[in-house]
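Colleague: Structure incoming, see below.
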Amino acid sequence: MEKKEVMTASWFENEEVFKKLSNGHTKDAKNFGEFVFKCPMPFARLYENLERTCRRSDVADITNIATISEDSVLFDCSCDGALDIIGRYLKILNTGGKVRSLWCFLDTERKAVVHFIMKRGWYAEAYFLSDEEFSALHITDDEYGKNIIVANFSKNISCELKKASLNDCFYLQEYLPRTTGDILGRARGSHKKKNNSSSTKKTKHNTSGADQKSRHDKWDGL
């Protein structure tokens, strides 16, 4: 059976518990994104400390709550949830591969942005459009490896959306063409005269795979 383990902690509930890990280096952190970035530990040691903290009896696991919110922004989560999509690309990076951009959209809905960050090992920070404001930390151990994924939920992610737009508008997850519009278009067009049929335009949804050409964007100061 394939190993799959996810532990998720809430920043609001456990801020002080996690800040104690960094010997004062993260005292000004306001969410898990700032905490992980400022924490002066290489990836392997950081992962070990975060995993141990998530296992504490006084740190509640909110995996179900967080993943429901994350998957709700996807066009289709029937095959892959947000963590699986992000995990696939972390595996590529952590095994020496490359991705087109370090700032990208989670999927074609553009309701979430993912930023890949190097810290002697790659981790991801994701920004989700949400009615609630909160920050969550995922510690995962599955077919994609041992990963750290930070999830920030906010009513306003316009800054992050802009960064993704300026970096190739790269989607981590794309889908098959949406056919509903084409079917409706043909139905409407059937009432037109034959000499106007040539004016009907067909649109194609871009499902071409991401080229694996890497580049560091101007937003990544690493």
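Convention: chains lettered A, B, ... in structure tokens order; per-chain residue numbering from 1; ligands numbered from 1 as shown.
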Please give the complete set of residues from region 22-182 of chain A that DSSP, run on the backbone, assigns to strand (DSSP E), formatted as a PyMOL selection string.
Modeller: chain A and resi 103-107+112-118+122-129+134-142+145-154+171-173
Colleague: So which one's closest to Pro42 (chain A), A:Trp103, A:Lys30, A:Val113, A:Arg120? Using only C-alpha atoms, please.
Modeller: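 Checking each of A:Trp103, A:Lys30, A:Val113, A:Arg120 against Pro42 (chain A), counting only C-alpha atoms, the winner is A:Arg120.
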Colleague: Find the residues around His115 (chain A) up to 8 Å (only C-alpha atoms counted), leave out those fewer than 5 positions away in its own chain, and share them as number ranges by chain.
Modeller: A: 102-104, 124-126
Colleague: Counting only C-alpha atoms, which of A:Phe75, A:Tyr47, A:Phe32, A:Phe18 gets nearest to Tyr175 (chain A)?
Modeller: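 Closest candidate: A:Phe75.
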Colleague: Do a neighbour search on Leu74 (chain A) at 7 Å with only C-alpha atoms, toss out local chain neighbours closer than 2 positions, and write the hits as a list of chain:residue names.
Modeller: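 Counting only C-alpha atoms, the residues come to A:Asp71, A:Ser72, A:Asp76, A:Cys77, A:Asp107, A:Glu109.
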Colleague: Next, write the just-selected residues to a file, as a PDB file, in the first residue's frame, keeping C-alpha atoms as the atom set.
Modeller:
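See out-v3.pdb below for the written result:
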```pdb
ATOM      1  CA  ASP A  71      -9.813  21.875  -3.299  1.00  0.00           C
ATOM      2  CA  SER A  72     -12.880  24.134  -3.502  1.00  0.00           C
ATOM      3  CA  ASP A  76     -12.020  19.773 -11.039  1.00  0.00           C
ATOM      4  CA  CYS A  77     -10.641  17.949  -7.988  1.00  0.00           C
ATOM      5  CA  ASP A 107      -5.075  25.591 -12.139  1.00  0.00           C
ATOM      6  CA  GLU A 109      -9.551  28.857 -12.475  1.00  0.00           C
TER       7      GLU A 109
END
```
Colleague: According to DSSP computed on the backbone, where in region 102-180 of chain A is there alpha helix (DSSP H)? Give the residues as a PyMOL selection string.
Modeller: chain A and resi 158-165+180
Colleague: Do you know which residues are at most 12 Å from Gly24 (chain A) counting only C-alpha atoms, after dropping those on the same chain fewer than 5 positions away, and could you put them as a PyMOL selection string?
Modeller: chain A and resi 16+18-19+29+35+38-40
Colleague: Could you check which of A:Arg55, A:Ala112, A:Thr67, A:Glu48 is closest to Lys162 (chain A), using only C-alpha atoms?
Modeller: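 Smallest distance to Lys162 (chain A) is found for A:Ala112.
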Colleague: Compile the contact shell of region 79-83 of chain A as number ranges by chain: residues with an atom at most 9 Å away, counting only C-alpha atoms, same-chain residues fewer than 6 positions apart removed.
Modeller: A: 67, 70-71, 73, 106, 138, 140, 149
Colleague: For Arg45 (chain A), work out the shell of residues within 12 Å, counting only C-alpha atoms and skipping chain neighbours fewer than 6 positions away, then give it as a PyMOL selection string.
Modeller: chain A and resi 21-22+36+39+51-52+119-121+146+148
Colleague: Convert the current residue selection to file output with all heavy atoms, as a PDB file, in the first residue's frame.
Modeller:
```pdb
ATOM      1  N   LEU A  21      10.638  27.256  17.996  1.00  0.00           N
ATOM      2  CA  LEU A  21      11.611  26.427  17.286  1.00  0.00           C
ATOM      3  C   LEU A  21      12.773  27.231  16.724  1.00  0.00           C
ATOM      4  O   LEU A  21      13.834  26.681  16.442  1.00  0.00           O
ATOM      5  CB  LEU A  21      10.926  25.694  16.118  1.00  0.00           C
ATOM      6  CG  LEU A  21       9.806  24.712  16.443  1.00  0.00           C
ATOM      7  CD1 LEU A  21       9.201  24.186  15.153  1.00  0.00           C
ATOM      8  CD2 LEU A  21      10.326  23.560  17.286  1.00  0.00           C
ATOM      9  N   SER A  22      12.593  28.542  16.544  1.00  0.00           N
ATOM     10  CA  SER A  22      13.566  29.337  15.786  1.00  0.00           C
ATOM     11  C   SER A  22      14.454  30.231  16.629  1.00  0.00           C
ATOM     12  O   SER A  22      15.195  31.053  16.085  1.00  0.00           O
ATOM     13  CB  SER A  22      12.824  30.194  14.755  1.00  0.00           C
ATOM     14  OG  SER A  22      11.995  31.140  15.425  1.00  0.00           O
ATOM     15  N   VAL A  36       8.268  30.038   7.954  1.00  0.00           N
ATOM     16  CA  VAL A  36       9.139  29.070   7.279  1.00  0.00           C
ATOM     17  C   VAL A  36      10.269  29.787   6.551  1.00  0.00           C
ATOM     18  O   VAL A  36      11.424  29.345   6.578  1.00  0.00           O
ATOM     19  CB  VAL A  36       8.325  28.197   6.296  1.00  0.00           C
ATOM     20  CG1 VAL A  36       9.248  27.300   5.476  1.00  0.00           C
ATOM     21  CG2 VAL A  36       7.314  27.347   7.065  1.00  0.00           C
ATOM     22  N   CYS A  39      12.843  31.064   9.198  1.00  0.00           N
ATOM     23  CA  CYS A  39      13.418  30.067  10.102  1.00  0.00           C
ATOM     24  C   CYS A  39      14.809  29.646   9.605  1.00  0.00           C
ATOM     25  O   CYS A  39      14.948  29.137   8.494  1.00  0.00           O
ATOM     26  CB  CYS A  39      12.500  28.852  10.186  1.00  0.00           C
ATOM     27  SG  CYS A  39      12.771  27.867  11.668  1.00  0.00           S
ATOM     28  N   GLU A  51       7.656  18.459  11.719  1.00  0.00           N
ATOM     29  CA  GLU A  51       6.934  17.192  11.846  1.00  0.00           C
ATOM     30  C   GLU A  51       6.753  16.836  13.321  1.00  0.00           C
ATOM     31  O   GLU A  51       5.663  16.442  13.749  1.00  0.00           O
ATOM     32  CB  GLU A  51       7.690  16.084  11.132  1.00  0.00           C
ATOM     33  CG  GLU A  51       6.991  14.732  11.212  1.00  0.00           C
ATOM     34  CD  GLU A  51       7.828  13.630  10.606  1.00  0.00           C
ATOM     35  OE1 GLU A  51       9.073  13.694  10.721  1.00  0.00           O
ATOM     36  OE2 GLU A  51       7.244  12.704  10.026  1.00  0.00           O
ATOM     37  N   ARG A  52       7.819  16.966  14.098  1.00  0.00           N
ATOM     38  CA  ARG A  52       7.751  16.638  15.516  1.00  0.00           C
ATOM     39  C   ARG A  52       6.737  17.538  16.238  1.00  0.00           C
ATOM     40  O   ARG A  52       5.974  17.080  17.088  1.00  0.00           O
ATOM     41  CB  ARG A  52       9.128  16.799  16.163  1.00  0.00           C
ATOM     42  CG  ARG A  52       9.175  16.341  17.619  1.00  0.00           C
ATOM     43  CD  ARG A  52      10.513  16.616  18.269  1.00  0.00           C
ATOM     44  NE  ARG A  52      11.601  16.014  17.513  1.00  0.00           N
ATOM     45  CZ  ARG A  52      12.559  16.702  16.908  1.00  0.00           C
ATOM     46  NH1 ARG A  52      12.550  18.025  16.941  1.00  0.00           N
ATOM     47  NH2 ARG A  52      13.517  16.085  16.252  1.00  0.00           N
ATOM     48  N   LYS A 119      15.182  26.326  -0.128  1.00  0.00           N
ATOM     49  CA  LYS A 119      15.747  26.489   1.212  1.00  0.00           C
ATOM     50  C   LYS A 119      16.616  25.257   1.497  1.00  0.00           C
ATOM     51  O   LYS A 119      16.325  24.442   2.360  1.00  0.00           O
ATOM     52  CB  LYS A 119      14.630  26.610   2.244  1.00  0.00           C
ATOM     53  CG  LYS A 119      15.070  27.077   3.621  1.00  0.00           C
ATOM     54  CD  LYS A 119      13.854  27.149   4.541  1.00  0.00           C
ATOM     55  CE  LYS A 119      14.219  27.669   5.908  1.00  0.00           C
ATOM     56  NZ  LYS A 119      14.547  29.102   5.920  1.00  0.00           N
ATOM     57  N   ARG A 120      17.668  25.096   0.696  1.00  0.00           N
ATOM     58  CA  ARG A 120      18.485  23.876   0.704  1.00  0.00           C
ATOM     59  C   ARG A 120      17.579  22.660   0.527  1.00  0.00           C
ATOM     60  O   ARG A 120      17.734  21.627   1.148  1.00  0.00           O
ATOM     61  CB  ARG A 120      19.280  23.755   2.005  1.00  0.00           C
ATOM     62  CG  ARG A 120      20.293  24.863   2.231  1.00  0.00           C
ATOM     63  CD  ARG A 120      21.200  24.506   3.388  1.00  0.00           C
ATOM     64  NE  ARG A 120      21.752  25.692   4.000  1.00  0.00           N
ATOM     65  CZ  ARG A 120      22.489  25.687   5.112  1.00  0.00           C
ATOM     66  NH1 ARG A 120      22.754  24.547   5.726  1.00  0.00           N
ATOM     67  NH2 ARG A 120      22.965  26.804   5.611  1.00  0.00           N
ATOM     68  N   GLY A 121      16.629  22.821  -0.326  1.00  0.00           N
ATOM     69  CA  GLY A 121      15.551  21.870  -0.561  1.00  0.00           C
ATOM     70  C   GLY A 121      14.321  22.714  -0.884  1.00  0.00           C
ATOM     71  O   GLY A 121      14.153  23.807  -0.329  1.00  0.00           O
ATOM     72  N   LYS A 146       9.004  13.867   1.107  1.00  0.00           N
ATOM     73  CA  LYS A 146       8.695  14.604   2.329  1.00  0.00           C
ATOM     74  C   LYS A 146       8.691  16.088   1.995  1.00  0.00           C
ATOM     75  O   LYS A 146       9.734  16.657   1.636  1.00  0.00           O
ATOM     76  CB  LYS A 146       9.729  14.294   3.406  1.00  0.00           C
ATOM     77  CG  LYS A 146       9.687  12.846   3.885  1.00  0.00           C
ATOM     78  CD  LYS A 146      10.652  12.616   5.037  1.00  0.00           C
ATOM     79  CE  LYS A 146      10.509  11.191   5.559  1.00  0.00           C
ATOM     80  NZ  LYS A 146      11.388  10.945   6.738  1.00  0.00           N
ATOM     81  N   ILE A 148       7.113  20.268   2.578  1.00  0.00           N
ATOM     82  CA  ILE A 148       6.502  21.337   3.374  1.00  0.00           C
ATOM     83  C   ILE A 148       5.686  22.198   2.423  1.00  0.00           C
ATOM     84  O   ILE A 148       6.221  22.712   1.430  1.00  0.00           O
ATOM     85  CB  ILE A 148       7.576  22.204   4.059  1.00  0.00           C
ATOM     86  CG1 ILE A 148       8.402  21.371   5.045  1.00  0.00           C
ATOM     87  CG2 ILE A 148       6.929  23.396   4.766  1.00  0.00           C
ATOM     88  CD1 ILE A 148       9.613  22.105   5.611  1.00  0.00           C
TER      89      ILE A 148
END
```
Colleague: Just the number, please: distance in Å from CA of Glu5 (chain A) to CA of Thr26 (chain A), one decimal.
Modeller: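 Those two atoms sit 26.8 Å apart.
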Colleague: Would you mind telling me which residue in A:Asp84, A:Asp141, A:Thr108, A:Val6 lies nearest to Leu176 (chain A) when using only C-alpha atoms?
Modeller: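 Smallest separation from Leu176 (chain A) among the options: A:Thr108.
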Colleague: So what do you get for CA of Gly33 (chain A) versus CA of Glu174 (chain A), distance-wise?
Modeller: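 Going from CA of Gly33 (chain A) over to CA of Glu174 (chain A) covers 25.9 Å.
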